[in-house]
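Structure data (PDB, C-alpha atoms) from start32.pdb:
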```pdb
MODEL        1
ATOM      1  CA  MET A 629     -16.755  -1.245  26.432
ATOM      2  CA  MET A 630     -17.082   2.320  25.093
ATOM      3  CA  GLN A 631     -16.875   2.554  21.307
ATOM      4  CA  MET A 632     -14.913   5.250  19.472
ATOM      5  CA  PRO A 633     -17.053   7.773  17.547
ATOM      6  CA  PHE A 634     -17.014   7.336  13.776
ATOM      7  CA  LYS A 635     -14.998  10.523  13.163
ATOM      8  CA  ALA A 636     -12.405   9.403  15.696
ATOM      9  CA  ARG A 637     -12.138   6.022  13.965
ATOM     10  CA  MET A 638     -11.736   7.755  10.628
ATOM     11  CA  LEU A 639      -8.928   9.960  11.962
ATOM     12  CA  ALA A 640      -7.212   7.002  13.627
ATOM     13  CA  ALA A 641      -7.421   4.945  10.431
ATOM     14  CA  PHE A 642      -5.924   7.755   8.332
ATOM     15  CA  ALA A 643      -3.178   8.248  10.936
ATOM     16  CA  ALA A 644      -2.342   4.554  10.659
ATOM     17  CA  VAL A 645      -1.989   4.543   6.866
ATOM     18  CA  TYR A 646      -0.226   7.934   6.872
ATOM     19  CA  LEU A 647       2.333   7.473   9.658
ATOM     20  CA  ILE A 648       2.776   3.734  10.160
ATOM     21  CA  TRP A 649       3.015   2.951   6.465
ATOM     22  CA  GLY A 650       5.508   5.765   6.004
ATOM     23  CA  SER A 651       7.832   4.012   8.438
ATOM     24  CA  THR A 652       7.418   0.534   6.906
ATOM     25  CA  TYR A 653       9.907   1.371   4.130
ATOM     26  CA  LEU A 654      12.584   1.677   6.805
ATOM     27  CA  ALA A 655      11.371  -1.558   8.415
ATOM     28  CA  ILE A 656      11.656  -3.357   5.057
ATOM     29  CA  ALA A 657      15.199  -2.028   4.585
ATOM     30  CA  LEU A 658      16.136  -3.346   8.032
ATOM     31  CA  GLY A 659      14.380  -6.675   7.479
ATOM     32  CA  ILE A 660      16.082  -7.514   4.190
ATOM     33  CA  GLU A 661      19.517  -7.008   5.758
ATOM     34  CA  SER A 662      19.450 -10.660   6.856
ATOM     35  CA  ILE A 663      16.063 -12.031   5.660
ATOM     36  CA  PRO A 664      15.425 -12.709   1.948
ATOM     37  CA  PRO A 665      12.804 -10.278   0.522
ATOM     38  CA  PHE A 666      10.033 -12.710  -0.494
ATOM     39  CA  LEU A 667      10.449 -14.642   2.745
ATOM     40  CA  LEU A 668      10.316 -11.421   4.780
ATOM     41  CA  MET A 669       7.107 -10.220   3.153
ATOM     42  CA  GLY A 670       5.565 -13.691   3.192
ATOM     43  CA  LEU A 671       6.155 -14.049   6.942
ATOM     44  CA  ARG A 672       4.850 -10.525   7.490
ATOM     45  CA  SER A 673       1.638 -11.277   5.596
ATOM     46  CA  VAL A 674       0.999 -14.700   7.114
ATOM     47  CA  ILE A 675       1.638 -13.528  10.696
ATOM     48  CA  GLY A 676      -0.406 -10.355  10.302
ATOM     49  CA  GLY A 677      -3.165 -12.118   8.369
ATOM     50  CA  GLY A 678      -3.372 -14.894  10.923
ATOM     51  CA  VAL A 679      -3.737 -12.393  13.773
ATOM     52  CA  LEU A 680      -6.448 -10.425  11.959
ATOM     53  CA  PHE A 681      -8.410 -13.474  10.825
ATOM     54  CA  ALA A 682      -8.285 -15.105  14.262
ATOM     55  CA  TRP A 683      -9.315 -11.853  15.944
ATOM     56  CA  SER A 684     -12.238 -11.421  13.540
ATOM     57  CA  ARG A 685     -13.462 -14.966  14.224
ATOM     58  CA  TRP A 686     -12.970 -15.152  17.994
ATOM     59  CA  GLY A 687     -12.328 -11.612  19.217
ATOM     60  CA  PRO A 688     -14.762  -9.329  21.062
ATOM     61  CA  LEU A 689     -17.889  -8.265  19.217
ATOM     62  CA  ASP A 690     -18.338  -4.693  17.992
ATOM     63  CA  ALA A 691     -21.922  -3.810  18.760
ATOM     64  CA  ASP A 692     -22.244  -0.864  16.387
ATOM     65  CA  GLY A 693     -20.884  -2.751  13.384
ATOM     66  CA  GLY A 694     -18.153  -0.205  12.677
ATOM     67  CA  GLY A 695     -15.215  -2.549  13.122
ATOM     68  CA  LEU A 696     -14.868  -6.168  14.232
ATOM     69  CA  LYS A 697     -18.064  -8.210  14.142
ATOM     70  CA  ARG A 698     -19.033 -11.851  14.275
ATOM     71  CA  GLU A 699     -20.131 -13.265  10.911
ATOM     72  CA  ASP A 700     -20.676 -16.491   9.048
ATOM     73  CA  PRO A 701     -17.543 -18.307   7.814
ATOM     74  CA  PRO A 702     -16.377 -16.946   4.421
ATOM     75  CA  GLY A 703     -17.528 -18.969   1.429
ATOM     76  CA  PRO A 704     -15.569 -20.061  -1.684
ATOM     77  CA  ARG A 705     -16.433 -16.877  -3.615
ATOM     78  CA  ALA A 706     -15.171 -14.710  -0.767
ATOM     79  CA  TRP A 707     -11.910 -16.670  -0.620
ATOM     80  CA  ALA A 708     -11.519 -16.429  -4.413
ATOM     81  CA  HIS A 709     -11.908 -12.654  -4.286
ATOM     82  CA  ALA A 710      -9.510 -12.470  -1.337
ATOM     83  CA  ALA A 711      -6.958 -14.509  -3.271
ATOM     84  CA  ILE A 712      -7.114 -12.141  -6.266
ATOM     85  CA  CYS A 713      -6.698  -9.041  -4.092
ATOM     86  CA  GLY A 714      -4.062 -10.746  -1.950
ATOM     87  CA  LEU A 715      -1.950 -11.540  -4.994
ATOM     88  CA  LEU A 716      -2.221  -7.961  -6.265
ATOM     89  CA  PHE A 717      -1.575  -6.318  -2.892
ATOM     90  CA  PHE A 718       1.141  -8.543  -1.492
ATOM     91  CA  LEU A 719       2.826 -10.571  -4.203
ATOM     92  CA  GLY A 720       2.508  -7.926  -6.914
ATOM     93  CA  CYS A 721       3.251  -4.944  -4.685
ATOM     94  CA  HIS A 722       4.948  -5.853  -1.412
ATOM     95  CA  GLY A 723       7.005  -8.687  -2.836
ATOM     96  CA  ILE A 724       8.360  -6.577  -5.681
ATOM     97  CA  LEU A 725       8.906  -3.636  -3.322
ATOM     98  CA  ALA A 726      11.055  -5.689  -0.939
ATOM     99  CA  TYR A 727      12.993  -7.183  -3.862
ATOM    100  CA  ALA A 728      13.682  -3.712  -5.302
ATOM    101  CA  GLU A 729      14.762  -2.300  -1.924
ATOM    102  CA  LYS A 730      17.783  -4.593  -2.073
ATOM    103  CA  GLN A 731      19.134  -2.021  -4.557
ATOM    104  CA  VAL A 732      16.936   1.053  -4.171
ATOM    105  CA  PRO A 733      17.068   3.386  -1.105
ATOM    106  CA  SER A 734      13.895   3.217   0.973
ATOM    107  CA  GLY A 735      13.091   6.907   0.437
ATOM    108  CA  ILE A 736      13.194   6.587  -3.339
ATOM    109  CA  ALA A 737      11.042   3.469  -3.190
ATOM    110  CA  ALA A 738       8.439   5.391  -1.190
ATOM    111  CA  ILE A 739       8.456   8.264  -3.690
ATOM    112  CA  VAL A 740       7.876   5.920  -6.647
ATOM    113  CA  LEU A 741       5.123   4.112  -4.739
ATOM    114  CA  ALA A 742       3.454   7.510  -4.328
ATOM    115  CA  THR A 743       2.239   7.120  -7.924
ATOM    116  CA  ILE A 744      -0.513   4.772  -6.684
ATOM    117  CA  PRO A 745      -3.230   7.490  -6.913
ATOM    118  CA  PHE A 746      -2.176   8.156 -10.511
ATOM    119  CA  TRP A 747      -2.742   4.540 -11.426
ATOM    120  CA  ILE A 748      -6.113   4.536  -9.640
ATOM    121  CA  VAL A 749      -7.221   7.559 -11.653
ATOM    122  CA  LEU A 750      -5.994   6.022 -14.912
ATOM    123  CA  LEU A 751      -7.683   2.705 -14.148
ATOM    124  CA  ASN A 752     -10.951   4.483 -13.422
ATOM    125  CA  SER A 753     -10.606   6.323 -16.731
ATOM    126  CA  VAL A 754     -10.462   3.107 -18.781
ATOM    127  CA  LEU A 755     -12.408   0.484 -16.839
ATOM    128  CA  PRO A 756     -16.070   0.051 -17.831
ATOM    129  CA  GLY A 757     -18.676   1.376 -15.434
ATOM    130  CA  ALA A 758     -16.287   3.726 -13.616
ATOM    131  CA  ARG A 759     -16.796   7.466 -13.205
ATOM    132  CA  ARG A 760     -14.445   9.128 -15.672
ATOM    133  CA  PRO A 761     -12.060  11.606 -14.058
ATOM    134  CA  PRO A 762     -12.152  15.208 -15.335
ATOM    135  CA  GLY A 763      -9.495  16.544 -17.675
ATOM    136  CA  LEU A 764      -7.840  18.612 -14.940
ATOM    137  CA  THR A 765      -7.358  15.466 -12.842
ATOM    138  CA  LEU A 766      -5.617  13.726 -15.731
ATOM    139  CA  LEU A 767      -3.497  16.832 -16.361
ATOM    140  CA  ALA A 768      -2.465  16.860 -12.703
ATOM    141  CA  LEU A 769      -0.789  13.475 -13.225
ATOM    142  CA  VAL A 770       1.889  14.973 -15.485
ATOM    143  CA  PRO A 771       4.058  16.671 -12.797
ATOM    144  CA  GLY A 772       4.026  13.505 -10.710
ATOM    145  CA  PHE A 773       5.313  11.319 -13.493
ATOM    146  CA  ALA A 774       7.878  14.026 -14.317
ATOM    147  CA  GLY A 775       9.045  13.852 -10.688
ATOM    148  CA  VAL A 776       9.467  10.082 -10.897
ATOM    149  CA  ALA A 777      11.378  10.480 -14.173
ATOM    150  CA  LEU A 778      13.686  13.063 -12.566
ATOM    151  CA  ILE A 779      14.436  10.752  -9.650
ATOM    152  CA  ALA A 780      15.022   7.807 -11.977
ATOM    153  CA  TRP A 781      17.356   9.868 -14.190
ATOM    154  CA  ARG A 782      19.311  11.130 -11.191
ATOM    155  CA  GLU A 783      19.725   7.668  -9.671
ATOM    156  CA  ALA A 784      20.599   6.010 -12.987
ATOM    157  CA  SER A 785      23.290   8.612 -13.763
ATOM    158  CA  ARG A 786      25.071   8.536 -10.395
ATOM    159  CA  PRO A 787      28.737   7.724 -11.164
ATOM    160  CA  GLU A 788      29.493   6.210  -7.755
ATOM    161  CA  HIS A 789      26.571   3.762  -7.655
ATOM    162  CA  PRO A 790      24.253   3.958 -10.683
ATOM    163  CA  LEU A 791      20.786   2.506 -10.176
ATOM    164  CA  ASP A 792      19.429  -0.001 -12.653
ATOM    165  CA  PRO A 793      16.413   1.665 -14.366
ATOM    166  CA  VAL A 794      14.703  -1.736 -14.279
ATOM    167  CA  MET A 795      14.336  -1.292 -10.516
ATOM    168  CA  ILE A 796      12.330   1.913 -11.067
ATOM    169  CA  LEU A 797      10.131   0.086 -13.586
ATOM    170  CA  LEU A 798       9.604  -2.712 -11.071
ATOM    171  CA  LEU A 799       8.565  -0.187  -8.433
ATOM    172  CA  LEU A 800       6.121   1.419 -10.881
ATOM    173  CA  ALA A 801       4.694  -2.032 -11.597
ATOM    174  CA  SER A 802       4.438  -2.544  -7.843
ATOM    175  CA  ALA A 803       2.439   0.677  -7.493
ATOM    176  CA  PHE A 804       0.173  -0.349 -10.378
ATOM    177  CA  SER A 805      -0.484  -3.723  -8.762
ATOM    178  CA  TRP A 806      -1.540  -2.077  -5.491
ATOM    179  CA  ALA A 807      -3.789   0.390  -7.358
ATOM    180  CA  LEU A 808      -5.452  -2.424  -9.286
ATOM    181  CA  GLY A 809      -5.986  -4.353  -6.062
ATOM    182  CA  SER A 810      -7.586  -1.271  -4.491
ATOM    183  CA  VAL A 811      -9.983  -0.818  -7.419
ATOM    184  CA  VAL A 812     -10.898  -4.511  -7.461
ATOM    185  CA  SER A 813     -11.404  -4.550  -3.683
ATOM    186  CA  GLN A 814     -13.654  -1.493  -3.733
ATOM    187  CA  ARG A 815     -15.756  -2.726  -6.664
ATOM    188  CA  HIS A 816     -16.538  -5.983  -4.858
ATOM    189  CA  ALA A 817     -19.330  -5.501  -2.338
ATOM    190  CA  SER A 818     -18.646  -7.593   0.745
ATOM    191  CA  LEU A 819     -20.544  -8.222   3.967
ATOM    192  CA  LEU A 820     -17.321  -9.289   5.678
ATOM    193  CA  SER A 821     -15.719  -7.064   8.297
ATOM    194  CA  ALA A 822     -12.520  -5.204   7.518
ATOM    195  CA  ALA A 823     -10.533  -7.510   9.812
ATOM    196  CA  THR A 824     -11.875 -10.696   8.219
ATOM    197  CA  LEU A 825     -11.353  -9.467   4.670
ATOM    198  CA  SER A 826      -7.869  -8.135   5.464
ATOM    199  CA  GLY A 827      -6.882 -11.383   7.149
ATOM    200  CA  MET A 828      -8.075 -13.460   4.195
ATOM    201  CA  GLN A 829      -6.212 -11.306   1.673
ATOM    202  CA  LEU A 830      -3.046 -11.350   3.760
ATOM    203  CA  LEU A 831      -3.128 -15.124   4.218
ATOM    204  CA  CYS A 832      -3.614 -15.687   0.468
ATOM    205  CA  GLY A 833      -0.934 -13.192  -0.524
ATOM    206  CA  GLY A 834       1.434 -14.456   2.167
ATOM    207  CA  ALA A 835       1.062 -18.052   0.972
ATOM    208  CA  ALA A 836       1.920 -16.932  -2.574
ATOM    209  CA  LEU A 837       4.968 -15.005  -1.325
ATOM    210  CA  LEU A 838       6.256 -17.994   0.652
ATOM    211  CA  ALA A 839       5.805 -20.170  -2.445
ATOM    212  CA  CYS A 840       7.812 -17.630  -4.471
ATOM    213  CA  SER A 841      10.494 -17.613  -1.790
ATOM    214  CA  LEU A 842      10.761 -21.393  -2.054
ATOM    215  CA  LEU A 843      10.819 -21.378  -5.864
ATOM    216  CA  ALA A 844      13.395 -18.562  -5.929
ATOM    217  CA  GLY A 845      15.737 -20.612  -3.745
ATOM    218  CA  GLU A 846      15.764 -18.090  -0.896
ATOM    219  CA  LEU A 847      15.703 -20.857   1.710
ATOM    220  CA  VAL A 848      18.913 -22.426   0.387
ATOM    221  CA  GLY A 849      21.588 -21.577   2.905
ATOM    222  CA  PHE A 850      19.216 -19.460   5.006
ATOM    223  CA  SER A 851      19.435 -19.974   8.758
ATOM    224  CA  PRO A 852      17.048 -18.308  11.252
ATOM    225  CA  SER A 853      19.923 -18.165  13.752
ATOM    226  CA  GLU A 854      21.716 -15.712  11.448
ATOM    227  CA  VAL A 855      18.856 -13.196  11.434
ATOM    228  CA  SER A 856      20.044  -9.984  13.077
ATOM    229  CA  ALA A 857      18.171  -8.196  15.842
ATOM    230  CA  ARG A 858      17.502  -5.277  13.468
ATOM    231  CA  SER A 859      15.959  -7.561  10.868
ATOM    232  CA  PHE A 860      13.854  -9.337  13.466
ATOM    233  CA  ALA A 861      12.624  -5.965  14.765
ATOM    234  CA  GLY A 862      11.807  -4.935  11.192
ATOM    235  CA  LEU A 863       9.787  -8.129  10.642
ATOM    236  CA  ALA A 864       7.901  -7.694  13.932
ATOM    237  CA  TYR A 865       7.061  -4.078  13.113
ATOM    238  CA  LEU A 866       5.926  -4.976   9.596
ATOM    239  CA  ALA A 867       3.721  -7.831  10.794
ATOM    240  CA  LEU A 868       2.073  -6.133  13.778
ATOM    241  CA  ALA A 869       2.060  -2.391  13.143
ATOM    242  CA  GLY A 870       2.357  -2.218   9.359
ATOM    243  CA  THR A 871       0.021  -5.128   8.658
ATOM    244  CA  VAL A 872      -2.410  -5.660  11.534
ATOM    245  CA  LEU A 873      -2.997  -1.948  12.170
ATOM    246  CA  GLY A 874      -2.097  -0.446   8.795
ATOM    247  CA  PHE A 875      -3.719  -2.798   6.308
ATOM    248  CA  ALA A 876      -6.886  -3.335   8.376
ATOM    249  CA  SER A 877      -7.258   0.444   8.547
ATOM    250  CA  TYR A 878      -6.757   0.705   4.788
ATOM    251  CA  ILE A 879      -9.449  -1.861   3.978
ATOM    252  CA  TRP A 880     -11.770  -0.222   6.530
ATOM    253  CA  LEU A 881     -11.254   3.153   4.838
ATOM    254  CA  LEU A 882     -11.802   1.774   1.329
ATOM    255  CA  ASP A 883     -15.298   0.755   2.389
ATOM    256  CA  ARG A 884     -16.102   4.199   3.820
ATOM    257  CA  ALA A 885     -14.282   6.787   1.696
ATOM    258  CA  PRO A 886     -13.488   7.364  -2.008
ATOM    259  CA  ALA A 887     -10.357   5.537  -3.174
ATOM    260  CA  PRO A 888      -8.547   8.739  -4.356
ATOM    261  CA  LEU A 889      -9.058  10.256  -0.894
ATOM    262  CA  VAL A 890      -7.823   7.103   0.852
ATOM    263  CA  SER A 891      -4.800   6.963  -1.420
ATOM    264  CA  THR A 892      -3.655  10.424  -0.294
ATOM    265  CA  TYR A 893      -1.584   8.576   2.307
ATOM    266  CA  THR A 894       0.944   8.255  -0.501
ATOM    267  CA  PHE A 895       1.964  11.914  -0.267
ATOM    268  CA  VAL A 896       2.714  11.602   3.469
ATOM    269  CA  ASN A 897       4.530   8.253   3.265
ATOM    270  CA  PRO A 898       7.454   9.490   1.104
ATOM    271  CA  ILE A 899       8.168  12.404   3.448
ATOM    272  CA  ILE A 900       8.371  10.091   6.457
ATOM    273  CA  ALA A 901      10.310   7.434   4.536
ATOM    274  CA  VAL A 902      12.872   9.912   3.176
ATOM    275  CA  LEU A 903      13.434  11.474   6.611
ATOM    276  CA  LEU A 904      13.802   8.115   8.356
ATOM    277  CA  GLY A 905      16.106   6.787   5.624
ATOM    278  CA  TRP A 906      18.269   9.894   5.921
ATOM    279  CA  LEU A 907      18.357   9.907   9.728
ATOM    280  CA  ILE A 908      18.783   6.172  10.407
ATOM    281  CA  LEU A 909      20.245   4.638   7.237
ATOM    282  CA  SER A 910      22.255   7.685   6.075
ATOM    283  CA  GLU A 911      20.554   7.568   2.678
ATOM    284  CA  PRO A 912      21.417  10.518   0.403
ATOM    285  CA  MET A 913      19.031  13.453   0.078
ATOM    286  CA  ALA A 914      20.095  15.077  -3.201
ATOM    287  CA  PRO A 915      18.404  18.224  -4.609
ATOM    288  CA  GLU A 916      17.028  16.271  -7.596
ATOM    289  CA  MET A 917      15.409  13.804  -5.235
ATOM    290  CA  LEU A 918      13.784  16.565  -3.203
ATOM    291  CA  ILE A 919      12.521  18.303  -6.365
ATOM    292  CA  GLY A 920      11.167  15.027  -7.713
ATOM    293  CA  ALA A 921       9.479  14.271  -4.393
ATOM    294  CA  ALA A 922       7.925  17.757  -4.354
ATOM    295  CA  LEU A 923       6.544  17.223  -7.871
ATOM    296  CA  VAL A 924       5.048  13.865  -6.896
ATOM    297  CA  VAL A 925       3.492  15.227  -3.708
ATOM    298  CA  ALA A 926       2.110  18.324  -5.458
ATOM    299  CA  SER A 927       0.653  16.148  -8.199
ATOM    300  CA  VAL A 928      -1.035  13.800  -5.730
ATOM    301  CA  ILE A 929      -2.513  16.753  -3.807
ATOM    302  CA  ALA A 930      -3.791  18.305  -7.056
ATOM    303  CA  VAL A 931      -5.383  15.003  -8.092
ATOM    304  CA  GLY A 932      -7.179  14.815  -4.756
ATOM    305  CA  LEU A 933      -8.396  18.427  -4.943
ATOM    306  CA  PHE A 934      -9.612  18.185  -8.534
ATOM    307  CA  ASP A 935     -11.299  14.863  -7.871
ATOM    308  CA  ALA A 936     -13.055  16.209  -4.757
ATOM    309  CA  SER A 937     -14.205  19.307  -6.664
ATOM    310  CA  HIS A 938     -15.542  17.149  -9.498
ATOM    311  CA  ARG A 939     -17.400  14.883  -7.073
ATOM    312  CA  HIS A 940     -18.997  17.950  -5.467
ATOM    313  CA  GLU A 941     -20.135  19.253  -8.865
ATOM    314  CA  VAL A 942     -21.572  15.863  -9.814
ATOM    315  CA  SER A 943     -23.448  15.521  -6.514
ATOM    316  CA  ALA A 944     -24.875  19.039  -6.927
ATOM    317  CA  GLY A 945     -26.127  18.328 -10.435
ATOM    318  CA  PRO A 946     -28.788  15.944 -11.784
ATOM    319  CA  PRO A 947     -28.760  12.406 -10.315
ATOM    320  CA  ALA A 948     -26.448  10.041 -12.152
ATOM    321  CA  ASN A 949     -26.401   6.277 -12.290
ATOM    322  CA  LEU A 950     -22.914   5.608 -10.978
ATOM    323  CA  THR A 951     -22.284   1.877 -10.986
ATOM    324  CA  ALA A 952     -18.887   1.944  -9.297
ATOM    325  CA  ARG A 953     -17.281   3.870  -6.458
ATOM    326  CA  THR A 954     -13.866   5.488  -6.866
TER     327      THR A 954
ENDMDL
END
```
Please render this file's structure as C-alpha cells.
Amino acid sequence: MMQMPFKARMLAAFAAVYLIWGSTYLAIALGIESIPPFLLMGLRSVIGGGVLFAWSRWGPLDADGGGLKREDPPGPRAWAHAAICGLLFFLGCHGILAYAEKQVPSGIAAIVLATIPFWIVLLNSVLPGARRPPGLTLLALVPGFAGVALIAWREASRPEHPLDPVMILLLLASAFSWALGSVVSQRHASLLSAATLSGMQLLCGGAALLACSLLAGELVGFSPSEVSARSFAGLAYLALAGTVLGFASYIWLLDRAPAPLVSTYTFVNPIIAVLLGWLILSEPMAPEMLIGAALVVASVIAVGLFDASHRHEVSAGPPANLTART
C-alpha cells in the first residue's frame, strides 16, 4: 500500500490536533449532558486506547517506520512511563476539564487551556538540563496571562450567572498537567511507535479516570439507558476522532517537532471551540471574552515566533550540548 510522504503526514497530524481537538470541547459539553464527567473521559480514554494499542499490536505493518510498526511487547519500564504520562494527560487534564465544563462554557475552557505553551516554556525555564527560553519568550507570556485574567474577571462578575473563580484555577491546573505530561513524554526516549505509546498512556489514564468515577460516586443512580443520543454521539466522537486520531497525531508530532511548535494547536482550538459553542450551544460571545481570546492567541503566536528565532540563532552559532529537546 502506498505510504504518505513525510510532509503530508506532518500536515495531516497538525490538521488533526488543530481542527479535531478544537471541536472536542463541544463534544465534551454534549457528553456531560447525561454522562458524568470522569466516567465520560474514562470511557473515551479506554475505548480510544484499546483501539490504538490493538491496532499497533495486530494492525498492518508500516514499512518505512513513520507510523505503525510491529515491535516487541512493552516492558515494565515502558508501562511505568506510560502510567505517569497517562495520569498527567488524562486524569490531570481531561478529567479536570470535563469536570469544569459542567459550569464553564466550552469556549472559555478552550481559551484557558490555550495557556499550555506558556506552561511548557516555564517548565523548560526551571527544569534541569532544558534549554532556557530567551527573555523575549518569557515576556511574550504576559499578554496571554492577562487575557486569561480578563476572561476570569468577566465571568466571575457576571450578575446573571457568576462563574466560580475556582473553576478557572482548575482549568489552569489542567493546562499545567498537560504541559508537564508533554515535557515528560518528550524527555523520555522511546522505541515504541506513536500508536503503541498513545494506547498505553490512554489505557493507564482511562483506568485512573474510571477509578475516580467510582470513588466519586458517579455510578450511583447512573443508568446507560438514560444517556441521550447527543451525549452518546459526543462520547463516540471523543473516543474515535478526538482520541484515536487526535492523540496519536499529537504523540507522533512530539517525537518529530519541538514541543512549542506542536503546542501551537492551542491558538487554533479556542477559535474553533468558541465558534462551535456559539453556533450550537448558544454560548455568549462577549467583547471581554473576544479581547481575552485575542490576547491569548497573540501571546501564543509570539512565543512560537520568538522560540523559533532563538532556535535558529542557537543552531547558527557554536555547537551546544543540549541534553533535552523542547
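If all atoms listed in the file are the atoms counted, then among A:Val732, A:Gly723, A:Asp700, A:Met913 the closest residue to Val794 of chain A is A:Val732.
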* **Polymer residues at most 10 Å from Leu819 of chain A, all atoms listed in the file, same-chain spacing of 6 or more positions, as an NGL selection string** => :A and (699-700 or 702 or 706 or 825)
Please expand the PyMOL selection byres ((chain A and resi 659-663) around 10) into the concrete residues it hits in this file, giving the result as a PDB file with C-alpha atoms, in the frame of the given file.
```
ATOM      1  CA  TYR A 653       9.907   1.371   4.130  1.00  0.00           C
ATOM      2  CA  LEU A 654      12.584   1.677   6.805  1.00  0.00           C
ATOM      3  CA  ALA A 655      11.371  -1.558   8.415  1.00  0.00           C
ATOM      4  CA  ILE A 656      11.656  -3.357   5.057  1.00  0.00           C
ATOM      5  CA  ALA A 657      15.199  -2.028   4.585  1.00  0.00           C
ATOM      6  CA  LEU A 658      16.136  -3.346   8.032  1.00  0.00           C
ATOM      7  CA  PRO A 664      15.425 -12.709   1.948  1.00  0.00           C
ATOM      8  CA  PRO A 665      12.804 -10.278   0.522  1.00  0.00           C
ATOM      9  CA  PHE A 666      10.033 -12.710  -0.494  1.00  0.00           C
ATOM     10  CA  LEU A 667      10.449 -14.642   2.745  1.00  0.00           C
ATOM     11  CA  LEU A 668      10.316 -11.421   4.780  1.00  0.00           C
ATOM     12  CA  MET A 669       7.107 -10.220   3.153  1.00  0.00           C
ATOM     13  CA  ALA A 726      11.055  -5.689  -0.939  1.00  0.00           C
ATOM     14  CA  TYR A 727      12.993  -7.183  -3.862  1.00  0.00           C
ATOM     15  CA  GLU A 729      14.762  -2.300  -1.924  1.00  0.00           C
ATOM     16  CA  LYS A 730      17.783  -4.593  -2.073  1.00  0.00           C
ATOM     17  CA  GLU A 846      15.764 -18.090  -0.896  1.00  0.00           C
ATOM     18  CA  LEU A 847      15.703 -20.857   1.710  1.00  0.00           C
ATOM     19  CA  PHE A 850      19.216 -19.460   5.006  1.00  0.00           C
ATOM     20  CA  SER A 851      19.435 -19.974   8.758  1.00  0.00           C
ATOM     21  CA  PRO A 852      17.048 -18.308  11.252  1.00  0.00           C
ATOM     22  CA  GLU A 854      21.716 -15.712  11.448  1.00  0.00           C
ATOM     23  CA  VAL A 855      18.856 -13.196  11.434  1.00  0.00           C
ATOM     24  CA  SER A 856      20.044  -9.984  13.077  1.00  0.00           C
ATOM     25  CA  ALA A 857      18.171  -8.196  15.842  1.00  0.00           C
ATOM     26  CA  ARG A 858      17.502  -5.277  13.468  1.00  0.00           C
ATOM     27  CA  SER A 859      15.959  -7.561  10.868  1.00  0.00           C
ATOM     28  CA  PHE A 860      13.854  -9.337  13.466  1.00  0.00           C
ATOM     29  CA  ALA A 861      12.624  -5.965  14.765  1.00  0.00           C
ATOM     30  CA  GLY A 862      11.807  -4.935  11.192  1.00  0.00           C
ATOM     31  CA  LEU A 863       9.787  -8.129  10.642  1.00  0.00           C
ATOM     32  CA  ALA A 864       7.901  -7.694  13.932  1.00  0.00           C
ATOM     33  CA  TYR A 865       7.061  -4.078  13.113  1.00  0.00           C
ATOM     34  CA  LEU A 866       5.926  -4.976   9.596  1.00  0.00           C
TER      35      LEU A 866
END
```
* **Shell around segment 711-714 of chain A at 7 Å using only C-alpha atoms, local window under 2 positions removed, as a list of chain:residue names** => A:Trp707, A:Ala708, A:His709, A:Leu716, A:Phe717, A:Phe718, A:Gly809, A:Ser813, A:Gln829, A:Leu830, A:Cys832, A:Gly833
* Polymer residues at most 9 Å from Ile900 of chain A, all atoms listed in the file, same-chain spacing of 5 or more positions, as a PyMOL selection string -> chain A and resi 646-647+649-651+735+738+905
Show me, as JSON, the centre and edge lengths in Å to one decimal of the axis-aligned box that covers every listed atom of segment 809-818 of chain A with 6 Å on each side.
```
{"center_x": -12.7, "center_y": -4.2, "center_z": -3.4, "size_x": 25.3, "size_y": 18.8, "size_z": 20.2}
```
* Asked: Can you list what the PyMOL selection byres ((chain A and resi 676) around 7) grabs from this structure, as a PyMOL selection string?
  -> chain A and resi 672-675+677-680+867-868+871-872
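Distance annotation: of A:Leu719, A:Ala876, A:Leu725, A:Leu904, the residue with the minimal separation from Thr824 of chain A is A:Ala876; atom set is all atoms listed in the file.
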* Asked: Hey, what comes out of the PyMOL selection byres ((chain A and resi 760-777) around 8) on this file? Could you write it as a PyMOL selection string?
  -> chain A and resi 739-740+743+746+749-750+752-754+758-759+778-781+919-928+930-931+934-935+938
* Asked: Closest to Met917 of chain A among A:Ile736, A:Leu903, A:Ala823, A:Leu800, using all atoms listed in the file?
  ->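 The answer is A:Ile736, which sits nearest to Met917 of chain A.
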* Structure fact -> Taken to one decimal, the atom CA of Met795 of chain A-atom CA of Ala835 of chain A distance is 24.3 Å
